[in-house]
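One file, coords.cif, is given below (mmCIF, C-alpha atoms and all ligand atoms).
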data_input
loop_
_atom_site.label_atom_id
_atom_site.label_comp_id
_atom_site.auth_asym_id
_atom_site.auth_seq_id
_atom_site.Cartn_x
_atom_site.Cartn_y
_atom_site.Cartn_z
CA MET A 1 0.00 0.00 0.00
CA THR A 2 1.29 3.48 -0.81
CA PHE A 3 0.90 6.50 1.45
CA THR A 4 1.98 10.03 0.64
CA ASN A 5 4.50 11.05 3.21
CA GLY A 6 6.99 13.94 3.53
CA ASP A 7 7.04 17.51 2.24
CA THR A 8 8.90 19.10 -0.58
CA ASP A 9 9.41 22.84 -0.44
CA ASN A 10 9.83 23.44 -4.14
CA GLY A 11 8.13 20.62 -6.09
CA ALA A 12 4.47 20.39 -7.07
CA THR A 13 4.12 16.86 -5.72
CA THR A 14 5.07 15.16 -2.47
CA LYS A 15 7.10 11.95 -2.44
CA SER A 16 5.39 8.60 -1.82
CA VAL A 17 6.87 5.94 0.44
CA LYS A 18 5.84 2.33 0.73
CA ILE A 19 4.95 1.15 4.23
CA ALA A 20 4.93 -2.58 4.93
CA PRO A 21 1.41 -3.76 5.84
CA GLY A 22 1.25 -4.91 9.48
CA SER A 23 4.32 -2.91 10.59
CA VAL A 24 4.13 -0.50 13.55
CA LYS A 25 4.47 2.41 11.11
CA TYR A 26 1.52 1.04 9.10
CA HIS A 27 -0.73 0.94 12.19
CA MET A 28 0.47 4.37 13.38
CA GLN A 29 -0.32 5.82 9.95
CA THR A 30 -3.82 4.29 10.12
CA LEU A 31 -4.33 5.71 13.63
CA LYS A 32 -3.23 9.19 12.53
CA THR A 33 -5.55 9.22 9.49
CA VAL A 34 -8.46 7.92 11.62
CA LEU A 35 -7.82 10.68 14.20
CA ASN A 36 -7.75 13.23 11.38
CA SER A 37 -11.13 12.00 10.05
CA LEU A 38 -12.50 12.13 13.61
CA ALA A 39 -11.31 15.75 13.95
CA HIS A 40 -13.13 16.76 10.75
CA MET A 41 -16.33 14.99 11.84
CA LEU A 42 -16.21 16.67 15.26
CA ILE A 43 -15.50 20.11 13.74
CA GLY A 44 -18.65 19.58 11.61
CA LEU A 45 -20.73 18.42 14.56
CA VAL A 46 -19.63 21.17 16.99
CA CYS A 47 -19.89 23.99 14.41
CA ILE A 48 -23.20 22.90 12.85
CA LEU A 49 -24.95 22.34 16.20
CA THR A 50 -23.74 25.68 17.59
CA LEU A 51 -24.30 27.68 14.40
CA PHE A 52 -27.81 26.24 14.05
CA PHE A 53 -28.57 27.93 17.39
CA ALA A 54 -27.25 31.27 16.09
CA PHE A 55 -28.91 31.05 12.65
CA TYR A 56 -32.21 29.24 13.20
CA ARG A 57 -34.19 32.51 13.04
CA GLY A 58 -32.26 33.66 9.95
CA LEU A 59 -29.17 35.87 9.93
CA PRO A 60 -28.09 36.55 13.53
CA THR A 61 -29.19 40.02 14.70
CA SER A 62 -28.87 39.80 18.52
CA MET A 63 -25.47 40.48 20.05
CA THR A 64 -25.29 36.97 21.58
CA ASN A 65 -26.01 35.25 18.25
CA ILE A 66 -23.53 37.46 16.32
CA HIS A 67 -20.95 36.71 19.05
CA ILE A 68 -21.57 32.95 18.81
CA ALA A 69 -21.46 32.90 14.98
CA LEU A 70 -18.19 34.90 14.75
CA THR A 71 -16.30 33.11 17.53
CA VAL A 72 -17.36 29.60 16.48
CA ILE A 73 -16.58 30.13 12.78
CA GLY A 74 -13.33 31.93 13.71
CA TYR A 75 -11.95 29.58 16.36
CA GLN A 76 -13.61 26.22 15.83
CA PHE A 77 -13.80 26.16 12.04
CA LEU A 78 -11.14 28.40 10.43
CA MET A 79 -8.45 28.26 13.14
CA ALA A 80 -8.95 24.50 13.70
CA GLN A 81 -8.60 23.91 9.94
CA GLY A 82 -5.60 26.27 9.88
CA ILE A 83 -3.85 24.18 12.55
CA LEU A 84 -4.78 20.89 10.81
CA SER A 85 -3.55 22.17 7.42
CA LEU A 86 0.06 21.78 8.61
CA CYS A 87 -0.51 18.23 9.89
CA PRO A 88 1.21 15.68 7.56
CA HIS A 89 -1.84 13.37 7.73
CA ASN A 90 -4.54 15.98 7.15
CA ALA A 91 -6.96 14.73 4.46
CA TRP A 92 -7.24 17.83 2.26
CA SER A 93 -3.69 19.22 2.60
CA ALA A 94 -1.43 16.12 2.77
CA HIS A 95 -0.57 16.29 -0.95
CA LEU A 96 0.34 20.01 -0.89
CA THR A 97 3.94 21.25 -0.94
CA LEU A 98 5.25 22.70 2.34
CA GLY A 99 5.15 26.17 0.77
CA HIS A 100 1.46 25.79 -0.15
CA LYS A 101 0.62 24.36 3.29
CA LYS A 102 2.22 27.38 4.96
CA ARG A 103 0.32 29.76 2.68
CA ILE A 104 -3.08 28.16 3.31
CA HIS A 105 -2.20 28.02 7.06
CA TRP A 106 -1.61 31.77 7.39
CA ILE A 107 -4.61 32.65 5.21
CA LEU A 108 -6.92 30.50 7.41
CA GLN A 109 -5.33 31.82 10.63
CA ILE A 110 -5.67 35.47 9.60
CA MET A 111 -9.33 34.99 8.52
CA GLY A 112 -10.13 32.98 11.68
CA SER A 113 -8.37 35.45 13.98
CA ILE A 114 -10.22 38.44 12.47
CA LEU A 115 -13.62 36.77 13.01
CA ALA A 116 -12.70 35.51 16.50
CA ILE A 117 -11.28 38.88 17.63
CA ALA A 118 -14.36 40.71 16.23
CA GLY A 119 -16.76 38.23 17.91
CA SER A 120 -15.10 38.64 21.32
CA ALA A 121 -14.56 42.42 21.01
CA LEU A 122 -18.25 43.00 20.15
CA TYR A 123 -19.37 41.27 23.34
CA ILE A 124 -16.70 42.95 25.47
CA LEU A 125 -17.89 46.37 24.21
CA ASN A 126 -21.51 45.32 24.86
CA LYS A 127 -20.97 44.20 28.49
CA PRO A 128 -20.81 46.70 31.39
CA VAL A 129 -18.97 44.30 33.77
CA HIS A 130 -16.07 42.18 32.53
CA TRP A 131 -14.38 38.84 33.32
CA ASN A 132 -16.99 37.84 35.91
CA THR A 133 -17.59 34.41 34.32
CA LEU A 134 -15.22 31.52 33.52
CA HIS A 135 -16.54 31.70 29.94
CA GLY A 136 -15.35 35.32 29.67
CA LYS A 137 -12.02 34.65 31.43
CA TYR A 138 -11.08 31.80 29.07
CA GLY A 139 -12.34 33.92 26.15
CA LEU A 140 -9.93 36.68 27.23
CA VAL A 141 -6.99 34.23 27.40
CA ALA A 142 -7.90 32.99 23.90
CA LEU A 143 -8.13 36.57 22.63
CA VAL A 144 -4.74 37.65 24.07
CA PHE A 145 -2.95 34.55 22.76
CA THR A 146 -4.67 34.84 19.36
CA ILE A 147 -3.36 38.41 18.97
CA ALA A 148 0.11 37.33 20.20
CA SER A 149 0.11 34.34 17.82
CA LEU A 150 -0.94 36.55 14.91
CA PHE A 151 2.00 38.96 15.43
CA ASN A 152 4.35 36.10 16.19
CA GLY A 153 3.18 34.24 13.07
CA VAL A 154 4.45 37.10 10.92
CA THR A 155 7.84 37.04 12.68
CA SER A 156 7.94 33.23 12.17
CA LEU A 157 7.06 33.59 8.47
CA TYR A 158 9.85 36.13 7.96
CA ALA A 159 12.20 34.57 10.57
CA PHE A 160 15.04 34.35 8.04
CA GLU A 161 14.74 37.99 6.85
CA LEU A 162 14.18 39.28 10.42
CA ARG A 163 17.32 37.59 11.71
CA LYS A 164 19.36 39.95 9.50
CA VAL A 165 17.78 42.97 11.30
CA ILE A 166 17.09 41.71 14.86
CA PRO A 167 19.30 38.89 16.24
CA ILE A 168 16.35 36.73 17.47
CA PRO A 169 16.89 33.00 16.85
CA GLY A 170 14.36 31.80 14.21
CA LYS A 171 13.70 28.70 16.32
CA LEU A 172 12.56 30.87 19.25
CA SER A 173 9.91 32.71 17.25
CA LYS A 174 8.68 29.42 15.72
CA LEU A 175 8.50 27.71 19.14
CA SER A 176 6.63 30.63 20.70
CA HIS A 177 4.27 30.78 17.70
CA ILE A 178 3.34 27.09 18.12
CA CYS A 179 2.97 27.58 21.89
CA PHE A 180 0.75 30.71 21.54
CA GLY A 181 -1.39 28.96 18.92
CA ILE A 182 -1.93 25.89 21.13
CA VAL A 183 -2.88 28.03 24.18
CA ALA A 184 -5.20 30.27 22.08
CA TYR A 185 -7.08 27.33 20.56
CA ALA A 186 -7.29 25.33 23.83
CA ALA A 187 -8.52 28.41 25.77
CA SER A 188 -11.16 29.12 23.09
CA SER A 189 -12.43 25.53 23.47
CA ALA A 190 -12.59 25.91 27.27
CA SER A 191 -14.53 29.17 26.78
CA LEU A 192 -16.85 27.41 24.30
CA CYS A 193 -17.60 24.63 26.83
CA TYR A 194 -18.50 27.23 29.50
CA GLY A 195 -20.64 28.97 26.82
CA TYR A 196 -22.53 25.68 26.32
CA ASP A 197 -23.16 25.62 30.07
CA LYS A 198 -25.40 28.69 29.84
CA GLY A 199 -29.10 28.04 30.63
CA PHE A 200 -30.47 29.23 27.27
CA PHE A 201 -28.09 26.95 25.34
CA LYS A 202 -28.94 23.93 27.52
CA MET A 203 -32.62 24.61 26.76
CA TYR A 204 -31.82 24.59 23.02
CA MET A 205 -29.95 21.28 23.44
CA ASP A 206 -33.07 19.88 25.11
CA SER A 207 -31.25 18.36 28.09
CA ASP A 208 -28.16 18.69 30.28
CA VAL A 209 -26.93 15.28 29.06
CA ASN A 210 -26.95 16.40 25.40
CA THR A 211 -25.02 19.54 26.40
CA TYR A 212 -22.41 17.49 28.30
CA PHE A 213 -21.99 15.25 25.24
CA LEU A 214 -21.35 18.36 23.13
CA MET A 215 -18.78 19.55 25.71
CA GLY A 216 -17.15 16.09 25.58
CA PHE A 217 -16.98 16.19 21.77
CA THR A 218 -15.37 19.65 22.00
CA VAL A 219 -12.72 18.34 24.41
CA VAL A 220 -11.92 15.33 22.16
CA LEU A 221 -11.77 17.64 19.11
CA THR A 222 -9.42 20.03 20.90
CA VAL A 223 -7.05 17.24 22.00
CA VAL A 224 -6.90 15.79 18.45
CA VAL A 225 -6.32 19.22 16.85
CA ILE A 226 -3.50 20.25 19.23
CA LEU A 227 -1.81 16.81 19.22
CA ASN A 228 0.31 17.45 16.10
CA PRO A 229 1.44 20.98 17.15
CA ILE A 230 2.43 19.58 20.59
CA ILE A 231 4.53 16.85 18.91
CA THR A 232 6.10 19.44 16.56
CA PHE A 233 6.84 21.72 19.56
CA VAL A 234 8.59 18.93 21.52
CA GLU A 235 10.54 17.81 18.41
CA LYS A 236 11.70 21.37 17.65
CA LEU A 237 12.59 21.98 21.30
CA PHE A 238 14.92 19.00 21.54
CA ARG A 239 16.28 19.08 17.98
C1 LIG A 301 -14.89 29.88 21.07
C2 LIG A 301 -16.01 30.40 21.41
C3 LIG A 301 -16.23 31.61 22.30
C4 LIG A 301 -15.33 32.54 22.81
C5 LIG A 301 -13.83 32.57 22.63
C6 LIG A 301 -16.10 33.51 23.57
C7 LIG A 301 -15.57 34.62 24.23
C8 LIG A 301 -16.31 35.54 24.98
C9 LIG A 301 -15.80 36.76 25.57
C10 LIG A 301 -14.35 37.24 25.49
C11 LIG A 301 -16.84 37.38 26.23
C12 LIG A 301 -16.78 38.70 26.99
C13 LIG A 301 -16.51 38.43 28.48
C14 LIG A 301 -16.53 39.67 29.33
O1 LIG A 301 -16.43 40.80 28.81
O2 LIG A 301 -16.62 39.51 30.56
C15 LIG A 301 -18.01 36.55 26.05
C16 LIG A 301 -19.26 36.81 26.59
C17 LIG A 301 -20.38 36.01 26.44
N1 LIG A 301 -20.49 34.88 25.62
FE1 LIG A 301 -19.00 34.04 24.56
N2 LIG A 301 -17.42 33.14 23.51
C18 LIG A 301 -17.55 31.99 22.74
C19 LIG A 301 -18.71 31.29 22.44
C20 LIG A 301 -19.94 31.51 23.06
C21 LIG A 301 -21.08 30.63 22.97
C22 LIG A 301 -21.12 29.31 22.16
C23 LIG A 301 -22.07 31.19 23.74
C24 LIG A 301 -23.46 30.68 24.00
C25 LIG A 301 -23.89 29.51 23.77
C26 LIG A 301 -21.56 32.42 24.28
C27 LIG A 301 -22.28 33.26 25.10
C28 LIG A 301 -21.77 34.38 25.73
C29 LIG A 301 -22.53 35.21 26.68
C30 LIG A 301 -23.99 34.98 27.09
C31 LIG A 301 -21.65 36.21 27.13
C32 LIG A 301 -21.95 37.31 28.18
C33 LIG A 301 -21.86 36.72 29.58
C34 LIG A 301 -20.47 36.22 29.97
O3 LIG A 301 -19.48 36.99 29.95
O4 LIG A 301 -20.33 35.03 30.31
N3 LIG A 301 -20.26 32.59 23.86
N4 LIG A 301 -17.67 35.44 25.29
#

Would you kindly transcribe this structure into C-alpha cells?
Ligand code: HEM
Amino acid sequence: MTFTNGDTDNGATTKSVKIAPGSVKYHMQTLKTVLNSLAHMLIGLVCILTLFFAFYRGLPTSMTNIHIALTVIGYQFLMAQGILSLCPHNAWSAHLTLGHKKRIHWILQIMGSILAIAGSALYILNKPVHWNTLHGKYGLVALVFTIASLFNGVTSLYAFELRKVIPIPGKLSKLSHICFGIVAYAASSASLCYGYDKGFFKMYMDSDVNTYFLMGFTVVLTVVVILNPIITFVEKLFR
C-alpha cells in the first residue's frame, strides 16, 4: 500500500513511500488518518450544532447570536482547519507542498483570527462588567494569545529575513508561535464549553446530558487538533 509522506518545499508533488502492511508504522499511519477524520467529523458536529442555534431565526441580529457565529466560525472552524492544514496526515492538505501548506495556514489563521477577535470584542464592548464568568475569562486568554500568535506568526514567516535585522533566533519565534497557537485554541475551546453551560443553550440542546456530550466532543476535538502541534513543539525543542 502506498501513502503520501513527507514535504517538498519546491516541487508540485510530495514523495510517496511504501509502508509494509502490518508494521508499527503502518498501524500508526492508520491511527493518525483515523484521528484526522474524527477531527473533521467533530468540527462539523460542533460547528453545525452551535451555528444552528445562532442562525435558526435567519441571519443573527442579537449580540449573543452574532458573538456565537463569529467566535465559532473563527476559532472552531477556520483556526482549527488552519492548525490541521500543517498536519502531515490531514486529508485535504497532505498532498500540498510545504510552501502551499504554509500559505493556506496563514490565510486561514488570519481569517479565523479576524472573526474571532471581532466576535469577542463585540461582546466585550456590549458588556458593562467584565471577566466575571469563567466563559469570559477563558475567552480573554484565547483573545490575548490569538493576537500574540498573529504577530508572532508574521515574525515566524519572515524569521530568516528578520534575523538579519534583529538577532532573534528563528527557532525561538517558531517555538513561541506554536505555543501561543496551542494556548489560544485550547482556551477558546474551554470558553466554548462554558458557553454551552449557559441556561439558554442547555434549553436549546433539550437536556443537560446532550449539552455534556457536546462539551465532551469539544474536548476530544481540541485534543486531536493540538496533538500534532504539541509533537512538533517537543521535536523542535529538543532538535
Ligand atoms: C470559542 C467560542 C467563544 C469565545 C472565545 C467567547 C468569548 C467571549 C468573551 C471574550 C466574552 C466577553 C466576556 C466579558 O467581557 O466579561 C463573552 C461573553 C459572552 N459569551 Fe462568549 N465566547 C464563545 C462562544 C460563546 C457561545 C457558544 C455562547 C453561548 C452559547 C456564548 C455566550 C456568551 C454570553 C452569554 C456572554 C456574556 C456573559 C459572559 O461573559 O459570560 N459565547 N464570550

Residues within 6 Å of ligand LIG 301 (chain A), counting all atoms listed in the file, as a list in words: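 Checked against 6 Å with all atoms listed in the file; the hits are Thr64, Ile68, Thr71, Val72, Tyr75, Ser120, Tyr123, Ile124, Lys127, His130, Trp131, Asn132, Thr133, His135, Gly136, Gly139, Leu140, Ser188, Ser189, Ser191, Leu192, Gly195, Tyr196 and Phe201 of chain A.
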
Residues within 10 Å of Lys236 in chain A, please, as a list in words. Count only C-alpha atoms; anything in the same chain fewer than 2 positions from it doesn't count. Lys171, Leu172, Lys174, Leu175, Ile230, Ile231, Thr232, Phe233, Val234, Phe238 and Arg239 of chain A

Just how far from CA of Ser156 in chain A is CA of Ser173 in chain A, in Å to one decimal?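 Atom-to-atom, CA of Ser173 in chain A and CA of Ser156 in chain A are spaced 5.5 Å apart.
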
Between A:Val154, A:Ala142, A:Ile147, A:Ile182, which has the minimum distance to Arg103 in chain A (counting all atoms listed in the file)?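 Comparing A:Val154, A:Ala142, A:Ile147, A:Ile182 against Arg103 in chain A, the winner is A:Val154.
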
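Put simply, CA of Lys102 in chain A is 13.2 Å away from CA of Ile178 in chain A.
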
In Å, with one decimal, what is the gap from CA of Thr218 in chain A to CA of Phe145 in chain A?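 About the pair CA of Thr218 in chain A and CA of Phe145 in chain A: they are 19.4 Å apart.
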
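Closest to Val144 in chain A among A:His27, A:Gly44, A:Tyr204, A:Ala184 is A:Ala184, based on only C-alpha atoms.
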
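Distance annotation: of A:Asn228, A:Ser176, A:Asn210, A:Ser113, the residue with the minimal separation from Pro88 in chain A is A:Asn228; atom set is all atoms listed in the file.
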
What lies within 12 Å of Lys32 in chain A using all atoms listed in the file, ignoring chain neighbours under 5 positions off, as a list in words?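 Contacts, with the query itself left out: Lys25, Tyr26, His27, Ser37, Leu38, Ala39, Leu84, Cys87, Pro88, His89, Asn90, Ala91, Val224, Val225, Leu227 and Asn228 of chain A.
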
Output file for the residues above (C-alpha atoms, as a short mmCIF file (atom, residue, chain, number, x, y, z; two decimals), in the coordinates of the input):
data_model
loop_
_atom_site.label_atom_id
_atom_site.label_comp_id
_atom_site.auth_asym_id
_atom_site.auth_seq_id
_atom_site.Cartn_x
_atom_site.Cartn_y
_atom_site.Cartn_z
CA LYS A 25 4.47 2.41 11.11
CA TYR A 26 1.52 1.04 9.10
CA HIS A 27 -0.73 0.94 12.19
CA SER A 37 -11.13 12.00 10.05
CA LEU A 38 -12.50 12.13 13.61
CA ALA A 39 -11.31 15.75 13.95
CA LEU A 84 -4.78 20.89 10.81
CA CYS A 87 -0.51 18.23 9.89
CA PRO A 88 1.21 15.68 7.56
CA HIS A 89 -1.84 13.37 7.73
CA ASN A 90 -4.54 15.98 7.15
CA ALA A 91 -6.96 14.73 4.46
CA VAL A 224 -6.90 15.79 18.45
CA VAL A 225 -6.32 19.22 16.85
CA LEU A 227 -1.81 16.81 19.22
CA ASN A 228 0.31 17.45 16.10
#

Pick from A:Cys193, A:Ile107, A:Leu31, A:Ile66: nearest to Ala121 in chain A, with only C-alpha atoms counted?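 Among the listed residues, the smallest separation from Ala121 in chain A belongs to A:Ile66.
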
Show me, as a short mmCIF file (atom, residue, chain, number, x, y, z; two decimals) with C-alpha atoms, keeping the file's coordinate frame, the residues that have an atom within 7 Å of His177 in chain A when counting only C-alpha atoms, minus same-chain residues fewer than 4 positions from it.
data_model
loop_
_atom_site.label_atom_id
_atom_site.label_comp_id
_atom_site.auth_asym_id
_atom_site.auth_seq_id
_atom_site.Cartn_x
_atom_site.Cartn_y
_atom_site.Cartn_z
CA SER A 149 0.11 34.34 17.82
CA ASN A 152 4.35 36.10 16.19
CA GLY A 153 3.18 34.24 13.07
CA SER A 173 9.91 32.71 17.25
CA GLY A 181 -1.39 28.96 18.92
#

Compare A:Leu143, A:Ala159, A:Val165, A:Val209 by their minimum atom-to-atom distance to Val183 in chain A, counting all atoms listed in the file, and give me the closest one.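 Once distances to Val183 in chain A are computed over all atoms listed in the file, the minimum belongs to A:Leu143.
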
Protein/DNA/RNA residues near (-26.4, 31.4, 15.3), cut 9 Å, all atoms listed in the file, as a ChimeraX atom specification: /A:50-60,64-70

Fill-in result for range 193-206 of chain A, N, CA, C and O atoms as a PDB file, in the coordinates of the input:
ATOM      1  N   CYS A 193     -16.922  25.578  25.937  1.00  0.00           N
ATOM      2  CA  CYS A 193     -17.600  24.630  26.830  1.00  0.00           C
ATOM      3  C   CYS A 193     -18.381  25.373  27.916  1.00  0.00           C
ATOM      4  O   CYS A 193     -19.505  25.002  28.245  1.00  0.00           O
ATOM      5  N   TYR A 194     -17.777  26.438  28.487  1.00  0.00           N
ATOM      6  CA  TYR A 194     -18.500  27.230  29.500  1.00  0.00           C
ATOM      7  C   TYR A 194     -19.661  27.990  28.850  1.00  0.00           C
ATOM      8  O   TYR A 194     -20.670  28.258  29.499  1.00  0.00           O
ATOM      9  N   GLY A 195     -19.535  28.336  27.558  1.00  0.00           N
ATOM     10  CA  GLY A 195     -20.640  28.970  26.820  1.00  0.00           C
ATOM     11  C   GLY A 195     -21.810  27.993  26.701  1.00  0.00           C
ATOM     12  O   GLY A 195     -22.966  28.362  26.900  1.00  0.00           O
ATOM     13  N   TYR A 196     -21.487  26.698  26.429  1.00  0.00           N
ATOM     14  CA  TYR A 196     -22.530  25.680  26.320  1.00  0.00           C
ATOM     15  C   TYR A 196     -23.278  25.492  27.642  1.00  0.00           C
ATOM     16  O   TYR A 196     -24.408  25.036  27.658  1.00  0.00           O
ATOM     17  N   ASP A 197     -22.587  25.827  28.745  1.00  0.00           N
ATOM     18  CA  ASP A 197     -23.160  25.620  30.070  1.00  0.00           C
ATOM     19  C   ASP A 197     -24.253  26.645  30.408  1.00  0.00           C
ATOM     20  O   ASP A 197     -24.913  26.538  31.426  1.00  0.00           O
ATOM     21  N   LYS A 198     -24.425  27.641  29.544  1.00  0.00           N
ATOM     22  CA  LYS A 198     -25.400  28.690  29.840  1.00  0.00           C
ATOM     23  C   LYS A 198     -26.822  28.132  29.672  1.00  0.00           C
ATOM     24  O   LYS A 198     -27.084  27.324  28.782  1.00  0.00           O
ATOM     25  N   GLY A 199     -27.736  28.582  30.565  1.00  0.00           N
ATOM     26  CA  GLY A 199     -29.100  28.040  30.630  1.00  0.00           C
ATOM     27  C   GLY A 199     -29.816  28.029  29.288  1.00  0.00           C
ATOM     28  O   GLY A 199     -30.400  27.010  28.896  1.00  0.00           O
ATOM     29  N   PHE A 200     -29.723  29.152  28.525  1.00  0.00           N
ATOM     30  CA  PHE A 200     -30.470  29.230  27.270  1.00  0.00           C
ATOM     31  C   PHE A 200     -29.946  28.225  26.241  1.00  0.00           C
ATOM     32  O   PHE A 200     -30.693  27.700  25.422  1.00  0.00           O
ATOM     33  N   PHE A 201     -28.647  27.909  26.306  1.00  0.00           N
ATOM     34  CA  PHE A 201     -28.090  26.950  25.340  1.00  0.00           C
ATOM     35  C   PHE A 201     -28.491  25.523  25.731  1.00  0.00           C
ATOM     36  O   PHE A 201     -28.792  24.700  24.872  1.00  0.00           O
ATOM     37  N   LYS A 202     -28.523  25.265  27.063  1.00  0.00           N
ATOM     38  CA  LYS A 202     -28.940  23.930  27.520  1.00  0.00           C
ATOM     39  C   LYS A 202     -30.388  23.682  27.130  1.00  0.00           C
ATOM     40  O   LYS A 202     -30.765  22.567  26.787  1.00  0.00           O
ATOM     41  N   MET A 203     -31.216  24.749  27.160  1.00  0.00           N
ATOM     42  CA  MET A 203     -32.620  24.610  26.760  1.00  0.00           C
ATOM     43  C   MET A 203     -32.712  24.235  25.284  1.00  0.00           C
ATOM     44  O   MET A 203     -33.486  23.382  24.876  1.00  0.00           O
ATOM     45  N   TYR A 204     -31.859  24.890  24.462  1.00  0.00           N
ATOM     46  CA  TYR A 204     -31.820  24.590  23.020  1.00  0.00           C
ATOM     47  C   TYR A 204     -31.383  23.145  22.779  1.00  0.00           C
ATOM     48  O   TYR A 204     -31.908  22.454  21.897  1.00  0.00           O
ATOM     49  N   MET A 205     -30.446  22.662  23.598  1.00  0.00           N
ATOM     50  CA  MET A 205     -29.950  21.280  23.440  1.00  0.00           C
ATOM     51  C   MET A 205     -30.922  20.247  24.004  1.00  0.00           C
ATOM     52  O   MET A 205     -30.684  19.065  23.937  1.00  0.00           O
ATOM     53  N   ASP A 206     -31.976  20.724  24.614  1.00  0.00           N
ATOM     54  CA  ASP A 206     -33.070  19.880  25.110  1.00  0.00           C
ATOM     55  C   ASP A 206     -32.797  19.221  26.456  1.00  0.00           C
ATOM     56  O   ASP A 206     -33.727  18.933  27.191  1.00  0.00           O
TER      57      ASP A 206
END
